[in-house]
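Asker: mmCIF, C-alpha atoms and all ligand atoms, file input-v4.cif:
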data_model
#
loop_
_atom_site.label_atom_id
_atom_site.label_comp_id
_atom_site.auth_asym_id
_atom_site.auth_seq_id
_atom_site.Cartn_x
_atom_site.Cartn_y
_atom_site.Cartn_z
CA MET A 277 0.62 9.45 22.31
CA SER A 278 -0.39 6.16 20.63
CA ASN A 279 1.06 4.93 17.33
CA LEU A 280 0.81 6.51 13.89
CA TYR A 281 -2.04 4.35 12.59
CA ASP A 282 -4.17 5.49 15.55
CA ASN A 283 -3.72 9.07 14.31
CA PRO A 284 -5.20 9.14 10.80
CA LYS A 285 -5.18 12.92 10.55
CA TYR A 286 -1.43 13.19 11.10
CA TYR A 287 -0.90 10.07 8.97
CA GLU A 288 -2.75 11.76 6.09
CA ILE A 289 -0.44 14.78 6.25
CA VAL A 290 2.69 12.56 6.31
CA PHE A 291 1.81 10.85 3.03
CA SER A 292 0.04 13.77 1.33
CA PHE A 293 2.96 14.29 -1.09
CA ARG A 294 1.34 11.89 -3.58
CA ASP A 295 -0.46 12.85 -6.79
CA ILE A 296 -3.57 10.74 -6.12
CA PRO A 297 -5.48 11.45 -9.39
CA GLY A 298 -2.21 10.70 -11.23
CA GLU A 299 -1.92 7.36 -9.43
CA VAL A 300 -5.53 6.50 -10.31
CA ASP A 301 -4.62 7.34 -13.94
CA VAL A 302 -1.87 4.71 -13.63
CA PHE A 303 -4.38 2.16 -12.26
CA GLU A 304 -6.51 2.82 -15.34
CA GLU A 305 -3.53 2.49 -17.68
CA CYS A 306 -2.85 -0.90 -16.06
CA PHE A 307 -6.51 -1.92 -16.53
CA LYS A 308 -6.35 -0.91 -20.19
CA HIS A 309 -3.10 -2.65 -21.04
CA PHE A 310 -2.94 -5.65 -18.71
CA SER A 311 -6.28 -6.59 -17.16
CA LEU A 312 -8.04 -9.43 -18.93
CA ILE A 313 -11.37 -8.45 -17.41
CA PRO A 314 -13.29 -5.16 -17.24
CA VAL A 315 -12.67 -3.41 -13.91
CA LYS A 316 -15.64 -2.22 -11.91
CA SER A 317 -14.69 -3.08 -8.33
CA VAL A 318 -11.41 -2.54 -6.47
CA LEU A 319 -9.99 -3.67 -3.13
CA GLU A 320 -7.31 -1.72 -1.26
CA LEU A 321 -5.40 -3.79 1.31
CA GLY A 322 -4.15 -1.82 4.32
CA CYS A 323 -6.43 0.98 3.11
CA GLY A 324 -5.83 3.21 6.14
CA ASN A 325 -7.30 6.63 5.38
CA SER A 326 -8.28 5.39 1.87
CA PRO A 327 -6.51 8.17 -0.08
CA HIS A 328 -7.60 6.89 -3.52
CA MET A 329 -11.22 6.22 -2.52
CA GLU A 330 -12.74 9.55 -3.52
CA GLU A 331 -11.05 9.62 -6.94
CA LEU A 332 -11.97 5.99 -7.64
CA VAL A 333 -15.61 6.50 -6.64
CA LYS A 334 -15.73 9.67 -8.77
CA ARG A 335 -14.61 7.59 -11.76
CA GLY A 336 -17.35 5.01 -11.15
CA TYR A 337 -15.50 2.19 -9.35
CA GLN A 338 -16.95 0.30 -6.42
CA TYR A 339 -14.43 0.72 -3.57
CA ASN A 340 -13.58 -1.86 -0.92
CA GLY A 341 -10.96 -1.16 1.74
CA LEU A 342 -9.56 -3.56 4.34
CA ASP A 343 -7.54 -2.52 7.37
CA LEU A 344 -6.59 -3.72 10.83
CA SER A 345 -6.86 -0.29 12.45
CA LYS A 346 -10.32 0.71 13.63
CA ALA A 347 -9.23 4.36 13.89
CA MET A 348 -8.19 4.37 10.22
CA LEU A 349 -11.43 2.67 9.14
CA GLU A 350 -13.51 5.18 11.08
CA TYR A 351 -11.60 8.04 9.44
CA SER A 352 -12.30 6.52 6.00
CA ARG A 353 -15.95 5.97 6.92
CA GLN A 354 -16.30 9.67 7.83
CA LYS A 355 -14.60 10.63 4.56
CA ALA A 356 -17.02 8.41 2.59
CA LEU A 357 -19.97 9.98 4.42
CA ARG A 358 -18.72 13.49 3.62
CA ILE A 359 -18.49 12.73 -0.11
CA GLY A 360 -21.68 10.65 -0.11
CA ALA A 361 -19.89 7.54 -1.39
CA LYS A 362 -21.26 4.04 -0.89
CA VAL A 363 -18.16 2.01 -0.05
CA ASN A 364 -17.31 -1.20 1.76
CA LEU A 365 -14.84 -0.78 4.64
CA ILE A 366 -13.77 -4.01 6.28
CA HIS A 367 -11.98 -4.63 9.56
CA GLY A 368 -9.61 -7.47 8.77
CA ASN A 369 -6.07 -8.79 8.52
CA MET A 370 -4.45 -8.82 5.08
CA ILE A 371 -2.63 -12.05 5.98
CA ASP A 372 -5.82 -14.07 6.07
CA PHE A 373 -9.11 -12.57 4.91
CA SER A 374 -12.15 -13.14 2.79
CA LEU A 375 -14.83 -10.96 1.16
CA ASP A 376 -18.52 -11.48 0.48
CA ALA A 377 -17.95 -10.89 -3.24
CA VAL A 378 -14.94 -11.19 -5.54
CA VAL A 379 -13.34 -8.02 -6.98
CA ASP A 380 -11.74 -7.06 -10.31
CA PHE A 381 -8.58 -5.34 -9.01
CA VAL A 382 -6.54 -5.45 -5.79
CA TYR A 383 -3.87 -2.95 -4.75
CA ILE A 384 -1.60 -2.20 -1.82
CA THR A 385 0.33 1.06 -1.43
CA LEU A 386 3.45 2.42 0.27
CA GLY A 387 5.05 -0.95 1.00
CA SER A 388 2.20 -1.93 3.31
CA LEU A 389 2.57 -5.69 2.85
CA TYR A 390 2.58 -6.49 6.57
CA VAL A 391 3.77 -10.08 6.74
CA ARG A 392 6.34 -11.26 9.28
CA ASN A 393 7.32 -14.62 7.80
CA THR A 394 7.02 -16.88 4.76
CA SER A 395 3.95 -18.67 6.04
CA GLU A 396 2.08 -15.34 6.40
CA LEU A 397 3.24 -14.31 2.93
CA MET A 398 1.85 -17.50 1.38
CA LYS A 399 -1.45 -17.10 3.27
CA HIS A 400 -1.66 -13.53 2.01
CA PHE A 401 -1.38 -14.62 -1.63
CA ASP A 402 -3.94 -17.38 -1.01
CA SER A 403 -6.37 -14.77 0.37
CA VAL A 404 -5.79 -12.40 -2.55
CA SER A 405 -6.25 -15.27 -4.98
CA ALA A 406 -9.60 -16.15 -3.40
CA VAL A 407 -11.02 -12.61 -3.69
CA LEU A 408 -9.62 -11.60 -7.11
CA LYS A 409 -11.40 -12.63 -10.32
CA LYS A 410 -9.40 -14.61 -12.88
CA GLY A 411 -7.73 -12.19 -15.30
CA GLY A 412 -7.70 -9.43 -12.66
CA LEU A 413 -4.59 -7.54 -11.52
CA TYR A 414 -2.86 -7.15 -8.15
CA LEU A 415 -0.72 -3.99 -7.97
CA LEU A 416 1.95 -3.67 -5.26
CA ASP A 417 3.49 -0.24 -4.59
CA TRP A 418 7.01 -0.86 -3.12
CA CYS A 419 6.47 -4.03 -0.99
CA ILE A 420 9.56 -5.63 -2.61
CA GLN A 421 13.03 -4.75 -1.21
CA PHE A 422 14.55 -3.16 -4.27
CA THR A 423 16.73 -1.11 -1.91
CA LEU A 424 18.24 -2.04 1.45
CA SER A 425 16.07 -1.82 4.56
CA SER A 426 18.70 0.29 6.33
CA ASP A 427 18.11 3.25 3.99
CA LYS A 428 16.71 6.23 5.94
CA GLU A 429 14.36 8.87 4.57
CA THR A 430 13.25 12.16 6.09
CA TRP A 431 10.76 14.78 4.92
CA GLU A 432 8.64 17.63 6.28
CA ILE A 433 5.11 18.69 5.29
CA GLU A 434 2.93 21.48 6.65
CA LYS A 435 -0.86 21.59 6.18
CA GLU A 436 -3.42 23.82 7.90
CA ARG A 437 -0.75 24.99 10.38
CA ILE A 438 0.14 21.41 11.36
CA LYS A 439 3.80 20.74 10.66
CA VAL A 440 4.96 17.11 10.54
CA ASN A 441 8.56 15.96 10.29
CA THR A 442 8.83 12.28 9.30
CA THR A 443 11.69 9.79 9.40
CA VAL A 444 11.36 6.26 8.04
CA SER A 445 14.14 3.82 8.86
CA GLY A 446 14.77 0.09 8.91
CA LYS A 447 16.91 -2.14 11.11
CA ASP A 448 17.78 -5.74 10.21
CA ILE A 449 16.55 -8.28 12.75
CA ASN A 450 17.21 -11.75 11.38
CA PRO A 451 19.03 -12.20 8.05
CA ILE A 452 17.96 -15.85 7.72
CA GLU A 453 14.29 -15.12 8.32
CA GLN A 454 14.74 -11.92 6.24
CA THR A 455 13.06 -9.87 8.95
CA PHE A 456 13.63 -6.20 9.66
CA GLU A 457 12.01 -3.61 11.88
CA GLU A 458 10.54 -0.61 10.10
CA THR A 459 10.13 2.58 12.12
CA ILE A 460 8.06 5.55 11.04
CA ALA A 461 8.72 8.37 13.51
CA ILE A 462 6.92 11.70 13.29
CA GLU A 463 7.43 14.96 15.16
CA VAL A 464 4.25 17.03 15.08
CA ASN A 465 3.76 20.71 15.74
CA ASP A 466 -0.03 21.05 15.83
CA HIS A 467 -0.78 24.76 16.29
CA GLY A 468 2.03 24.94 18.87
CA LYS A 469 1.31 21.59 20.56
CA HIS A 470 4.17 19.13 20.11
CA HIS A 471 3.83 15.34 19.80
CA ILE A 472 6.23 12.55 18.94
CA ILE A 473 4.57 9.47 17.48
CA THR A 474 6.32 6.27 16.48
CA GLU A 475 5.08 3.30 14.49
CA LYS A 476 7.24 0.17 14.61
CA ASN A 477 6.55 -3.01 12.69
CA VAL A 478 8.47 -6.17 11.97
CA LYS A 479 8.30 -7.14 8.31
CA ARG A 480 9.61 -9.99 6.23
CA ALA A 481 11.68 -8.66 3.35
CA ILE A 482 10.87 -9.89 -0.16
CA TYR A 483 13.74 -9.56 -2.62
CA PRO A 484 13.13 -9.00 -6.36
CA GLN A 485 14.47 -12.29 -7.74
CA GLU A 486 12.83 -14.15 -4.86
CA PHE A 487 9.54 -12.47 -5.75
CA LEU A 488 9.83 -13.65 -9.37
CA CYS A 489 10.55 -17.23 -8.22
CA LEU A 490 7.65 -17.04 -5.78
CA VAL A 491 5.18 -15.85 -8.42
CA ARG A 492 6.42 -18.53 -10.83
CA SER A 493 5.77 -21.13 -8.14
CA LEU A 494 2.19 -19.95 -7.58
CA LYS A 495 -0.40 -21.66 -9.73
CA ASP A 496 -2.86 -18.80 -9.60
CA PHE A 497 -0.71 -15.73 -10.43
CA GLU A 498 1.60 -14.63 -13.22
CA PHE A 499 4.13 -11.80 -13.28
CA VAL A 500 3.16 -8.88 -15.56
CA GLY A 501 5.89 -6.28 -14.96
CA TRP A 502 7.47 -3.67 -12.71
CA TRP A 503 8.09 0.04 -13.26
CA ASN A 504 9.73 2.97 -11.49
CA ASN A 505 8.01 6.08 -10.10
CA TRP A 506 4.46 4.97 -10.88
CA ASP A 507 5.28 5.41 -14.57
CA LEU A 508 4.62 2.63 -17.08
CA SER A 509 7.20 4.11 -19.46
CA GLN A 510 10.00 3.59 -16.89
CA LEU A 511 11.02 -0.07 -16.85
CA LEU A 512 12.57 -0.90 -13.49
CA GLU A 513 15.46 -2.73 -15.13
CA GLN A 514 16.53 0.60 -16.68
CA ALA A 515 16.22 2.71 -13.51
CA THR A 516 19.35 4.36 -12.14
CA LYS A 517 17.66 5.23 -8.83
CA ILE A 518 14.66 3.23 -7.69
CA ASP A 519 11.84 5.23 -6.12
CA ARG A 520 8.23 4.22 -5.51
CA PRO A 521 8.35 1.18 -7.82
CA ILE A 522 5.12 -0.58 -8.73
CA THR A 523 4.76 -4.28 -9.49
CA LEU A 524 1.90 -5.95 -11.28
CA ILE A 525 0.82 -9.58 -11.12
CA ARG A 526 -2.27 -11.16 -12.66
CA ARG A 527 -4.66 -13.81 -11.39
CA ILE A 528 -4.79 -16.84 -13.71
C1 LIG A 601 1.31 2.88 5.31
S1 LIG A 601 -0.40 2.71 5.70
C2 LIG A 601 -1.14 2.76 4.09
C3 LIG A 601 -2.48 3.44 4.11
C4 LIG A 601 -3.06 3.76 2.74
N1 LIG A 601 -3.17 2.57 1.95
C5 LIG A 601 -2.24 4.80 1.99
O1 LIG A 601 -1.99 4.62 0.79
O2 LIG A 601 -1.87 5.83 2.56
C6 LIG A 601 -0.51 1.05 6.16
C7 LIG A 601 -1.88 0.60 6.65
O3 LIG A 601 -1.85 -0.82 6.78
C8 LIG A 601 -2.62 -1.18 7.92
N2 LIG A 601 -2.19 -2.53 8.37
C9 LIG A 601 -1.06 -2.89 9.02
N3 LIG A 601 -1.02 -4.22 9.20
C10 LIG A 601 -2.15 -4.72 8.63
C11 LIG A 601 -2.68 -6.03 8.48
N4 LIG A 601 -2.03 -7.09 8.93
N5 LIG A 601 -3.87 -6.15 7.86
C12 LIG A 601 -4.55 -5.08 7.39
N6 LIG A 601 -4.09 -3.81 7.51
C13 LIG A 601 -2.91 -3.63 8.11
C14 LIG A 601 -2.34 -0.08 8.93
O4 LIG A 601 -3.36 -0.01 9.91
C15 LIG A 601 -2.30 1.14 8.01
O5 LIG A 601 -3.55 1.75 7.91
#
Please re-express this file's structure in structure tokens.
Ligand SMILES: C[S@@+](CC[C@H](N)C(=O)[O-])C[C@H]1O[C@@H](n2cnc3c(N)ncnc32)[C@H](O)[C@@H]1O

Answerer:
Amino acid sequence: MSNLYDNPKYYEIVFSFRDIPGEVDVFEECFKHFSLIPVKSVLELGCGNSPHMEELVKRGYQYNGLDLSKAMLEYSRQKALRIGAKVNLIHGNMIDFSLDAVVDFVYITLGSLYVRNTSELMKHFDSVSAVLKKGGLYLLDWCIQFTLSSDKETWEIEKERIKVNTTVSGKDINPIEQTFEETIAIEVNDHGKHHIITEKNVKRAIYPQEFLCLVRSLKDFEFVGWWNNWDLSQLLEQATKIDRPITLIRRI
């Protein structure tokens, strides 16, 4: 079978452990406390199956999603049709992209910052800068290597008699280039039919202090803060175990 991002239905089950309305509440808390502009439009980078789309549209936001996978975009398009939402789904590469209109908020979830080297990382921030209004926020969920890439995580979820066992692991490739290979491997039991699907990607690690230096060096962004567990009352500096940290920067 092809890779995970060509299988949106299984992908959706794998990451269905999230409290999506709760995460949209956190977006809105960020807007309230840290955005310098009113937020009406949002852009999700690496939107995949667009898990937050329905909740965002329900709350009145104009949703834009960008992804490289046509299968994922089609899945999101079908979802938007089902809920009767008017959204903008774009086939594009988060490293270098543009939009027809600027947006008020940009976000990226589950460590999906797919850049392989420093040059791609800089291009990515240039692209985000060009599409985000001044005073607007960019929220990154994970994306920074607060823990080592070799950590391994496994979990199992069953939905509608489809059982999926997932393992996410990382293997260092080049310590000087800060590259590692991330593998998401799933074992599926779909009503008795078994599949093994693997998604492998090379990523450039971004370390916390490096991220702060990087943001300081950018003329068009400032650091706002970082928190643990999608919870603005949990400062990352005080965390004993880091899990699903979010980072906020602002366009200046
Ligand atoms: C882990 S999924 C995240 C999907 C969704 N945002 C979520 O919260 O579940 C990562 C997504 O990033 C997309 N992706 C990978 N590389 C990309 C790139 N260079 N540009 C745009 N999207 C990319 C994949 O196709 C996939 O849909």

Asker: What separation in Å, quoted to one decimal, exists between CA of Ser311 (chain A) and CA of Leu508 (chain A)?

Answerer: 14.3 Å

Asker: Using 12 Å as the limit and counting all atoms listed in the file, can you tabulate each residue of region 389-411 of chain A that touches region 336-352 of chain A, with its shortest atom-to-atom distance in Å and the two atoms involved, as a tab-separated table?

Answerer:
residue	atom	partner	partner_atom	distance
A:Leu389	CA	A:Asp343	CA	11.5
A:Tyr390	CA	A:Leu344	CA	10.5
A:Val404	CA	A:Leu342	CA	11.8
A:Val407	CA	A:Asn340	CA	11.4

Asker: Smallest atom-to-atom distance to ligand LIG 601 (chain A): which of A:Glu396, A:Glu331, A:Glu513, A:Asp427, using all atoms listed in the file?

Answerer: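 Ranked by minimum distance to ligand LIG 601 (chain A), first place goes to A:Glu396.
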
Asker: Between A:Ile384, A:Met329, A:Val378, A:Ile518, which residue has the minimum interatomic distance to ligand LIG 601 (chain A), considering only C-alpha atoms and all ligand atoms?

Answerer: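 Going through A:Ile384, A:Met329, A:Val378, A:Ile518 one by one, the smallest distance to ligand LIG 601 (chain A) is for A:Ile384.
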
Asker: Taking (18.6, 2.9, -6.6) in the file's own coordinates, collect the residues within 10 Å, counting all atoms listed in the file, and hand them back as a list in words.

Answerer: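 Every residue inside that radius is included here: Phe422, Thr423, Leu424, Leu512, Ala515, Thr516, Lys517, Ile518 and Asp519 of chain A.
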
Asker: Go ahead and compute the interatomic distance for CA of Glu498 (chain A) and CA of Leu524 (chain A), in Å to one decimal.

Answerer: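 Spanning CA of Glu498 (chain A) to CA of Leu524 (chain A) is a straight-line distance of 8.9 Å.
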
Asker: Between A:Gly412, A:Gly324, A:Gly387, A:Pro521, which has the minimum distance to Asn477 (chain A) (counting only C-alpha atoms)?

Answerer: A:Gly387

Asker: A:Val290, A:Ile522, A:Ile462, A:Cys323: which is nearest ligand LIG 601 (chain A), counting all atoms listed in the file?

Answerer: A:Cys323

Asker: Could you name the residues that touch region 434-443 of chain A at 9 Å or less, counting all atoms listed in the file, but leaving out those on the same chain fewer than 5 positions away, as a list in words?

Answerer: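 The neighbour list is Tyr286, Ile289, Val290, Lys428, Glu429, Thr459, Ile460, Ala461, Ile462, Glu463, Val464, Asn465, Asp466, His467 and Gly468 of chain A.
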
Asker: Interatomic distance between atom C5 of ligand LIG 601 (chain A) and CA of Lys308 (chain A)?

Answerer: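 These two atoms are separated by 23.3 Å.
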
Asker: Using all atoms of region 370-388 of chain A listed in the file and a margin of 3 Å per side, can you give the axis-aligned box centre and edge lengths in Å to one decimal, as AutoDock Vina command-line options?

Answerer:
--center_x -6.7 --center_y -5.8 --center_z -2.1 --size_x 29.6 --size_y 22.5 --size_z 22.4

Asker: Rank nothing, just name the residue among A:Asp417, A:Glu486, A:Glu475, A:Asp380 nearest to Gln454 (chain A), using all atoms listed in the file.

Answerer: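 Answer, going by the shortest atom-to-atom distance: A:Glu486.
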
Asker: Calculated over only C-alpha atoms and all ligand atoms, which of the candidates A:Asp376, A:Asp496, A:Glu458, A:Glu304 has the smallest distance to ligand LIG 601 (chain A)?

Answerer: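 Of A:Asp376, A:Asp496, A:Glu458, A:Glu304, the one nearest ligand LIG 601 (chain A), counting only C-alpha atoms and all ligand atoms, is A:Glu458.
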
Asker: Would you pick out the contacts of region 413-416 of chain A at 9 Å or less, using all atoms listed in the file, so that residues sharing its chain but fewer than 3 positions from it are not included, and give the list as a ChimeraX atom specification?

Answerer: /A:303,306-307,310-312,380-389,404,408-410,419-420,500,521-527

Asker: Using only C-alpha atoms, determine which residues lie at most 12 Å from Gln354 (chain A), disregarding the query and same-chain residues fewer than 4 positions distant; provide the list as a count of residues only.

Answerer: 16

Asker: Can you tell me which residues surround Ser278 (chain A) at a distance of at most 8 Å, considering all atoms listed in the file, apart from same-chain residues fewer than 5 positions away, and format the answer as a ChimeraX atom specification?

Answerer: /A:283,473-474

Asker: List every protein, DNA or RNA residue that has at least one atom no more than 12 Å from (2.0, -12.1, 7.9) in the file's coordinates, counting all atoms listed in the file, and write the result as a ChimeraX atom specification.

Answerer: /A:369-373,388-403,455,477-481
